[in-house]
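Beneath this line is the structure, given in structure tokens, with notes to follow.
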Amino acid sequence: MQLAGPGVFGPPKDREEAIAVLRAVVDLGITQIDTADFYGPHVTNELIREALSPYPEDLHRVTKVAARRDEQGGWPHARTPTELRDQVHDNLRRLGLDRLDVVNLRVGGVEAPEPGSIAEQFGALAELQQQGVIRHLGLSTVSAGQLAEAQRITPVVCVQNLYNVARRADDALVDLTAE
């Protein structure tokens, strides 16, 4: 996210430095890169591909879907099954992959989940998983109820919510995922 330009929009100030950062983290032993095609948009995935492809065997690419960028740099939802399928294929193409390691369905904004069912959206991603273009599915910015709903569709390997030493609202969700 921070490899793109200001506001996660447009190219970085120094493309070569961004490429060097990506190569350095892999050289330091980092084995997971978190990305999304809406970072930039497209910029971060293109940088990752340029810097790291062919990818080390132990490097996992985790991406998010369910948003896009508008011309003003906003983050409107893109959650229809068709939009989700298109985003998965855009991620595959820009990263130069045949299969994504993990795709997280982004449900809420940055701060908190949005209420409502995610069955239709998560089901569309589960179909892509069954087709072999996604290895694992995860969630981003969800409630415990949404996690339970998704788990009834297919296993969830990760939950990516805003959680840190200062923001502990999801303590119960962390305990649930540990179970």
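So you can find residues: chains in the structure tokens are A, B, ... in the order shown, residues in each start at 1, and ligands are numbered from 1 in order.
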Name all residues at most 9 Å from A:Glu111 (count only C-alpha atoms; drop same-chain ones fewer than 5 positions away) and give them as a ChimeraX atom specification.
-> /A:141,161-162
Written selection (C-alpha atoms) as a JSON list (two decimals), in the first residue's frame:
```json
[["chain", "number", "residue", "atom", "x", "y", "z"],
["A", 141, "THR", "CA", -12.46, -5.82, 8.20],
["A", 161, "ASN", "CA", -8.82, -6.37, 10.80],
["A", 162, "LEU", "CA", -7.35, -3.18, 12.22]]
```
Secondary structure check, strand (DSSP E or B) residues of stretch 53-155 of chain A, as a ChimeraX atom specification = /A:60-65,67,77,100-106,134-140
Set out as CSV a contact list for stretch 38-111 of chain A and stretch 6-11 of chain A with a cut-off of 10 Å, giving each residue of stretch 38-111 of chain A that qualifies its closest atom pair and distance in Å to one decimal, counting only C-alpha atoms, ordered by chain and rising residue number.
```
residue,atom,partner,partner_atom,distance
A:Phe38,CA,A:Val8,CA,8.7
A:Tyr39,CA,A:Val8,CA,5.7
A:Gly40,CA,A:Phe9,CA,4.3
A:Pro41,CA,A:Phe9,CA,6.4
A:His42,CA,A:Gly10,CA,8.7
A:Val43,CA,A:Pro11,CA,6.1
A:Thr44,CA,A:Pro11,CA,8.4
A:Leu47,CA,A:Pro11,CA,9.5
A:Arg69,CA,A:Phe9,CA,8.3
A:Asp70,CA,A:Phe9,CA,9.9
A:Glu71,CA,A:Phe9,CA,9.5
A:Gln72,CA,A:Phe9,CA,9.2
A:Gly73,CA,A:Phe9,CA,6.3
A:Gly74,CA,A:Phe9,CA,9.3
```
Calculate how many Å separate atom CA of A:Gly132 from atom CA of A:Glu57, rounding to one decimal.
-> 18.1 Å
Near-A:Gly116 list (12 Å; only C-alpha atoms; drop same-chain fewer than 5 positions) as a list in words =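 The residues that qualify are Val107, Gly108, Gln121, Val142, Ser143, Ala144, Gly145, Gln146, Leu147 and Glu149 of chain A.
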Given only C-alpha atoms as the counted atoms, nearest of A:Glu127, A:Asp58, A:Asp14, A:Asp37 to A:Arg85 |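 So, comparing all the options, the nearest one is A:Glu127.
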